[in-house]
$ cat start-v3.cif   # mmCIF, C-alpha atoms
data_query
#
loop_
_atom_site.label_atom_id
_atom_site.label_comp_id
_atom_site.auth_asym_id
_atom_site.auth_seq_id
_atom_site.Cartn_x
_atom_site.Cartn_y
_atom_site.Cartn_z
CA MET A 263 32.53 -21.33 -17.75
CA LYS A 264 31.72 -17.73 -18.51
CA SER A 265 29.52 -15.80 -16.08
CA LYS A 266 26.96 -13.42 -17.57
CA ASN A 267 26.05 -10.30 -15.61
CA LEU A 268 22.34 -10.00 -16.10
CA GLY A 269 20.54 -7.10 -14.44
CA PHE A 270 21.47 -3.77 -12.93
CA THR A 271 23.75 -2.87 -10.08
CA LEU A 272 22.41 -1.32 -6.90
CA ILE A 273 23.93 2.06 -7.81
CA GLU A 274 22.23 2.06 -11.21
CA LEU A 275 18.86 1.25 -9.66
CA LEU A 276 19.23 4.02 -7.06
CA VAL A 277 20.10 6.57 -9.75
CA VAL A 278 17.08 5.61 -11.87
CA ILE A 279 14.73 5.73 -8.86
CA SER A 280 16.03 9.16 -7.80
CA VAL A 281 15.59 10.55 -11.34
CA ILE A 282 12.02 9.22 -11.46
CA GLY A 283 11.33 10.77 -8.04
CA LEU A 284 12.70 14.13 -9.16
CA LEU A 285 10.57 14.11 -12.32
CA ALA A 286 7.46 13.18 -10.31
CA ALA A 287 8.07 16.09 -7.91
CA LEU A 288 8.43 18.55 -10.80
CA ILE A 289 5.27 17.29 -12.45
CA MET A 290 3.27 17.62 -9.21
CA VAL A 291 4.40 21.24 -8.71
CA ASN A 292 3.35 22.13 -12.26
CA PHE A 293 0.10 20.22 -11.88
CA ASN A 294 -0.84 22.15 -8.72
CA ALA A 295 0.01 25.47 -10.38
CA ALA A 296 -2.18 24.54 -13.35
CA ARG A 297 -5.08 23.76 -11.00
CA GLU A 298 -4.66 27.17 -9.30
CA ARG A 299 -4.71 28.93 -12.67
CA ALA A 300 -7.83 27.00 -13.69
CA ARG A 301 -9.62 28.08 -10.50
CA ASP A 302 -8.57 31.69 -11.15
CA VAL A 303 -10.00 31.51 -14.67
CA GLN A 304 -13.25 30.18 -13.17
CA ARG A 305 -13.34 33.09 -10.70
CA LYS A 306 -12.92 35.63 -13.50
CA SER A 307 -15.63 33.95 -15.54
CA ASP A 308 -17.99 33.89 -12.54
CA LEU A 309 -17.51 37.62 -11.95
CA ASP A 310 -18.05 38.36 -15.66
CA GLN A 311 -21.31 36.38 -15.68
CA THR A 312 -22.45 38.12 -12.49
CA LYS A 313 -21.64 41.48 -14.09
CA LYS A 314 -23.95 40.60 -17.00
CA ALA A 315 -26.74 39.65 -14.59
CA LEU A 316 -26.26 42.91 -12.68
CA ARG A 317 -26.43 44.83 -15.96
CA MET A 318 -29.77 43.17 -16.79
CA TYR A 319 -31.01 44.13 -13.32
CA TYR A 320 -29.89 47.71 -13.99
CA ASN A 321 -31.75 47.74 -17.31
CA ASP A 322 -34.97 46.79 -15.48
CA LYS A 323 -34.61 48.95 -12.35
CA ASN A 324 -32.35 51.83 -13.50
CA LEU A 325 -29.97 51.20 -10.61
CA TYR A 326 -27.73 48.41 -9.40
CA PRO A 327 -28.75 46.37 -6.34
CA GLU A 328 -27.67 47.49 -2.90
CA THR A 329 -25.02 45.88 -0.73
CA SER A 330 -26.33 43.74 2.13
CA ALA A 331 -25.78 44.79 5.72
CA ALA A 332 -22.96 42.21 5.95
CA GLY A 333 -21.26 44.01 3.06
CA ASP A 334 -20.61 41.08 0.78
CA LYS A 335 -23.97 39.96 -0.59
CA ILE A 336 -26.29 41.39 -3.22
CA CYS A 337 -29.46 42.95 -1.83
CA GLY A 338 -32.00 43.73 -4.51
CA CYS A 339 -35.60 43.81 -5.67
CA ASP A 340 -38.08 45.92 -3.77
CA ASP A 341 -38.61 46.76 -0.12
CA PRO A 342 -37.88 44.80 1.93
CA CYS A 343 -34.59 44.10 0.24
CA ALA A 344 -34.05 40.45 -0.71
CA THR A 345 -30.55 39.21 0.08
CA PHE A 346 -28.96 36.93 -2.50
CA GLU A 347 -26.18 34.70 -1.18
CA TRP A 348 -23.32 33.36 -3.27
CA GLY A 349 -23.69 29.74 -4.34
CA THR A 350 -27.03 29.10 -2.67
CA MET A 351 -29.78 30.84 -4.57
CA ALA A 352 -31.01 32.36 -7.79
CA PHE A 353 -30.73 36.07 -8.43
CA ALA A 354 -34.36 36.74 -9.38
CA CYS A 355 -36.91 39.50 -8.83
CA GLY A 356 -40.56 39.81 -9.76
CA GLY A 357 -40.61 36.84 -12.10
CA MET A 358 -37.38 37.84 -13.83
CA THR A 359 -34.41 35.52 -13.30
CA TYR A 360 -31.10 37.28 -13.81
CA MET A 361 -28.97 34.26 -12.80
CA LYS A 362 -30.17 30.75 -12.02
CA ILE A 363 -27.69 30.59 -9.16
CA LEU A 364 -25.13 33.11 -8.00
CA PRO A 365 -21.72 31.46 -8.40
CA GLN A 366 -19.52 30.41 -5.52
CA ASP A 367 -15.73 30.49 -5.34
CA PRO A 368 -14.25 27.20 -6.64
CA ASN A 369 -12.35 26.72 -3.36
CA TYR A 370 -15.34 27.49 -1.10
CA LYS A 371 -15.88 24.89 1.60
CA GLU A 372 -17.52 26.73 4.49
CA ALA A 373 -18.35 30.21 5.68
CA GLY A 374 -15.24 32.33 5.99
CA ASP A 375 -13.44 30.71 3.04
CA LEU A 376 -12.62 32.52 -0.18
CA SER A 377 -15.70 34.13 -1.64
CA TYR A 378 -16.88 36.84 -3.96
CA SER A 379 -17.69 40.31 -2.69
CA TYR A 380 -20.09 42.95 -3.99
CA ASN A 381 -20.49 46.64 -3.28
CA GLN A 382 -22.92 49.11 -4.82
CA SER A 383 -21.31 52.45 -5.65
CA ASP A 384 -22.24 55.87 -7.02
CA SER A 385 -25.74 55.86 -5.46
CA GLY A 386 -26.83 52.83 -7.44
CA GLN A 387 -25.20 53.82 -10.72
CA GLY A 388 -22.16 51.57 -10.31
CA PHE A 389 -20.85 48.50 -8.53
CA CYS A 390 -17.68 46.64 -7.65
CA LEU A 391 -17.33 42.84 -7.66
CA TRP A 392 -14.07 41.34 -6.47
CA THR A 393 -12.26 38.21 -5.39
CA THR A 394 -8.74 37.24 -4.39
CA PRO A 395 -7.07 34.95 -6.93
CA GLU A 396 -4.63 32.27 -5.81
CA ASN A 397 -1.98 33.48 -8.28
CA LYS A 398 -0.97 36.84 -6.82
CA SER A 399 1.28 37.60 -9.81
CA ASP A 400 -1.58 37.44 -12.34
CA GLY A 401 -1.27 40.45 -14.67
CA ASP A 402 -5.06 40.75 -14.89
CA ILE A 403 -5.18 41.91 -11.25
CA LEU A 404 -3.44 45.21 -11.96
CA ARG A 405 -5.35 45.74 -15.23
CA SER A 406 -8.68 45.16 -13.47
CA GLN A 407 -7.80 47.57 -10.66
CA THR A 408 -6.72 50.22 -13.17
CA ARG A 409 -9.98 49.83 -15.11
CA CYS A 410 -12.01 49.97 -11.88
CA SER A 411 -9.99 52.60 -10.04
CA GLY A 412 -13.03 53.77 -8.05
CA CYS A 413 -13.31 50.43 -6.25
CA ALA A 414 -11.62 50.17 -2.88
CA VAL A 415 -10.22 46.64 -2.93
CA GLY A 416 -7.14 44.88 -1.61
CA GLN A 417 -3.81 44.95 -3.40
CA ASN A 418 -4.17 41.35 -4.64
CA ASP A 419 -7.88 41.47 -5.56
CA TYR A 420 -9.24 40.99 -9.06
CA VAL A 421 -12.12 43.44 -9.57
CA VAL A 422 -14.98 43.87 -12.04
CA CYS A 423 -17.01 47.06 -12.14
CA ALA A 424 -19.86 48.64 -14.08
CA ASP A 425 -18.84 50.01 -17.47
#
$ encode --input "start-v3.cif" --output "structure tokens"
Amino acid sequence: MKSKNLGFTLIELLVVISVIGLLAALIMVNFNAARERARDVQRKSDLDQTKKALRMYYNDKNLYPETSAAGDKICGCDDPCATFEWGTMAFACGGMTYMKILPQDPNYKEAGDLSYSYNQSDSGQGFCLWTTPENKSDGDILRSQTRCSGCAVGQNDYVVCAD
């Protein structure tokens, strides 16, 4: 009687399982990098939208809002200065809404986490908005710092300034 070998040997199964494990690890690394890039794109978009809102404020008041005493929030409108916090409130003055809600960093969980920063410059005629992207090798970081050379930001910060 002839014996038929049906199935795989232990070595063959171990090789297949290790190849599948290796492919899964590579996919997870690429997946995490893609998520970081997506959050960085969101950060850039948030700063661009905030820049547009600040420009509308400038058109109404002929100066950009001040920097809060803490140095990272927008402080605008009239005296006393109203402080607008990231991710919690609208940026609105005197019946005019510039932004329904100031954006918050996509990775923000609690105070002290990644956030956006704002600084008024040139006696109200300019501003700097910046954040630290997760991808430190993003080419837009250097381009943004070159375009906004008057802003004092960190080496790895992406910055948006008044035109």
$ closest_residue --input "start-v3.cif" --among "A:Asn397, A:Thr312, A:Ser379, A:Ser330" --to "A:Ala300" --atoms "all atoms listed in the file"
A:Asn397
$ atom_distance --input "start-v3.cif" --atom1 "atom CA of A:Ala352" --atom2 "atom CA of A:Tyr319"
13.0 Å
$ atom_distance --input "start-v3.cif" --atom1 "atom CA of A:Gly388" --atom2 "atom CA of A:Ala424"
5.3 Å
$ resolve_selection --input "start-v3.cif" --expression "the PyMOL selection byres ((chain A and resi 340) around 10)" --output "PDB file with C-alpha atoms, keeping the file's coordinate frame"
ATOM      1  CA  LYS A 323     -34.610  48.950 -12.350  1.00  0.00           C
ATOM      2  CA  PRO A 327     -28.750  46.370  -6.340  1.00  0.00           C
ATOM      3  CA  CYS A 337     -29.460  42.950  -1.830  1.00  0.00           C
ATOM      4  CA  GLY A 338     -32.000  43.730  -4.510  1.00  0.00           C
ATOM      5  CA  CYS A 339     -35.600  43.810  -5.670  1.00  0.00           C
ATOM      6  CA  ASP A 341     -38.610  46.760  -0.120  1.00  0.00           C
ATOM      7  CA  PRO A 342     -37.880  44.800   1.930  1.00  0.00           C
ATOM      8  CA  CYS A 343     -34.590  44.100   0.240  1.00  0.00           C
ATOM      9  CA  ALA A 344     -34.050  40.450  -0.710  1.00  0.00           C
ATOM     10  CA  CYS A 355     -36.910  39.500  -8.830  1.00  0.00           C
ATOM     11  CA  GLY A 356     -40.560  39.810  -9.760  1.00  0.00           C
TER      12      GLY A 356
END
$ residues_near_point --input "start-v3.cif" --point "(-15.7, 29.3, -4.4)" --cutoff "10 Å" --atoms "all atoms listed in the file" --output "NGL selection string"
:A and (301 or 304-305 or 308 or 348-349 or 365-372 or 375-378 or 393)
$ resolve_selection --input "start-v3.cif" --expression "the PyMOL selection byres ((chain A and resi 403-418) around 12)" --output "PyMOL selection string"
chain A and resi 302-303+306+309-310+378-384+388-402+419-425
$ atom_distance --input "start-v3.cif" --atom1 "atom CA of A:Leu364" --atom2 "atom CA of A:Gln311"
9.2 Å
$ closest_residue --input "start-v3.cif" --among "A:Ile336, A:Ile279, A:Leu272, A:Ala331" --to "A:Leu316" --atoms "all atoms listed in the file"
A:Ile336
$ build_atoms --input "start-v3.cif" --residues "stretch 297-310 of chain A" --atoms "N, CA and C atoms" --output "PDB file, in the frame of the given file"
ATOM      1  N   ARG A 297      -3.768  23.788 -11.665  1.00  0.00           N
ATOM      2  CA  ARG A 297      -5.080  23.760 -11.000  1.00  0.00           C
ATOM      3  C   ARG A 297      -5.417  25.129 -10.410  1.00  0.00           C
ATOM      4  N   GLU A 298      -4.427  25.818  -9.836  1.00  0.00           N
ATOM      5  CA  GLU A 298      -4.660  27.170  -9.300  1.00  0.00           C
ATOM      6  C   GLU A 298      -5.066  28.119 -10.418  1.00  0.00           C
ATOM      7  N   ARG A 299      -4.361  28.054 -11.547  1.00  0.00           N
ATOM      8  CA  ARG A 299      -4.710  28.930 -12.670  1.00  0.00           C
ATOM      9  C   ARG A 299      -6.108  28.631 -13.197  1.00  0.00           C
ATOM     10  N   ALA A 300      -6.486  27.367 -13.228  1.00  0.00           N
ATOM     11  CA  ALA A 300      -7.830  27.000 -13.690  1.00  0.00           C
ATOM     12  C   ALA A 300      -8.896  27.563 -12.750  1.00  0.00           C
ATOM     13  N   ARG A 301      -8.648  27.507 -11.449  1.00  0.00           N
ATOM     14  CA  ARG A 301      -9.620  28.080 -10.500  1.00  0.00           C
ATOM     15  C   ARG A 301      -9.690  29.599 -10.654  1.00  0.00           C
ATOM     16  N   ASP A 302      -8.561  30.246 -10.928  1.00  0.00           N
ATOM     17  CA  ASP A 302      -8.570  31.690 -11.150  1.00  0.00           C
ATOM     18  C   ASP A 302      -9.353  32.059 -12.402  1.00  0.00           C
ATOM     19  N   VAL A 303      -9.218  31.274 -13.450  1.00  0.00           N
ATOM     20  CA  VAL A 303     -10.000  31.510 -14.670  1.00  0.00           C
ATOM     21  C   VAL A 303     -11.489  31.356 -14.367  1.00  0.00           C
ATOM     22  N   GLN A 304     -11.844  30.369 -13.557  1.00  0.00           N
ATOM     23  CA  GLN A 304     -13.250  30.180 -13.170  1.00  0.00           C
ATOM     24  C   GLN A 304     -13.755  31.385 -12.371  1.00  0.00           C
ATOM     25  N   ARG A 305     -12.940  31.906 -11.483  1.00  0.00           N
ATOM     26  CA  ARG A 305     -13.340  33.090 -10.700  1.00  0.00           C
ATOM     27  C   ARG A 305     -13.621  34.278 -11.619  1.00  0.00           C
ATOM     28  N   LYS A 306     -12.729  34.511 -12.575  1.00  0.00           N
ATOM     29  CA  LYS A 306     -12.920  35.630 -13.500  1.00  0.00           C
ATOM     30  C   LYS A 306     -14.185  35.447 -14.327  1.00  0.00           C
ATOM     31  N   SER A 307     -14.423  34.236 -14.767  1.00  0.00           N
ATOM     32  CA  SER A 307     -15.630  33.950 -15.540  1.00  0.00           C
ATOM     33  C   SER A 307     -16.888  34.155 -14.702  1.00  0.00           C
ATOM     34  N   ASP A 308     -16.851  33.707 -13.438  1.00  0.00           N
ATOM     35  CA  ASP A 308     -17.990  33.890 -12.540  1.00  0.00           C
ATOM     36  C   ASP A 308     -18.313  35.372 -12.362  1.00  0.00           C
ATOM     37  N   LEU A 309     -17.282  36.189 -12.145  1.00  0.00           N
ATOM     38  CA  LEU A 309     -17.510  37.620 -11.950  1.00  0.00           C
ATOM     39  C   LEU A 309     -18.038  38.268 -13.233  1.00  0.00           C
ATOM     40  N   ASP A 310     -17.566  37.821 -14.388  1.00  0.00           N
ATOM     41  CA  ASP A 310     -18.050  38.360 -15.660  1.00  0.00           C
ATOM     42  C   ASP A 310     -19.526  38.010 -15.864  1.00  0.00           C
TER      43      ASP A 310
END
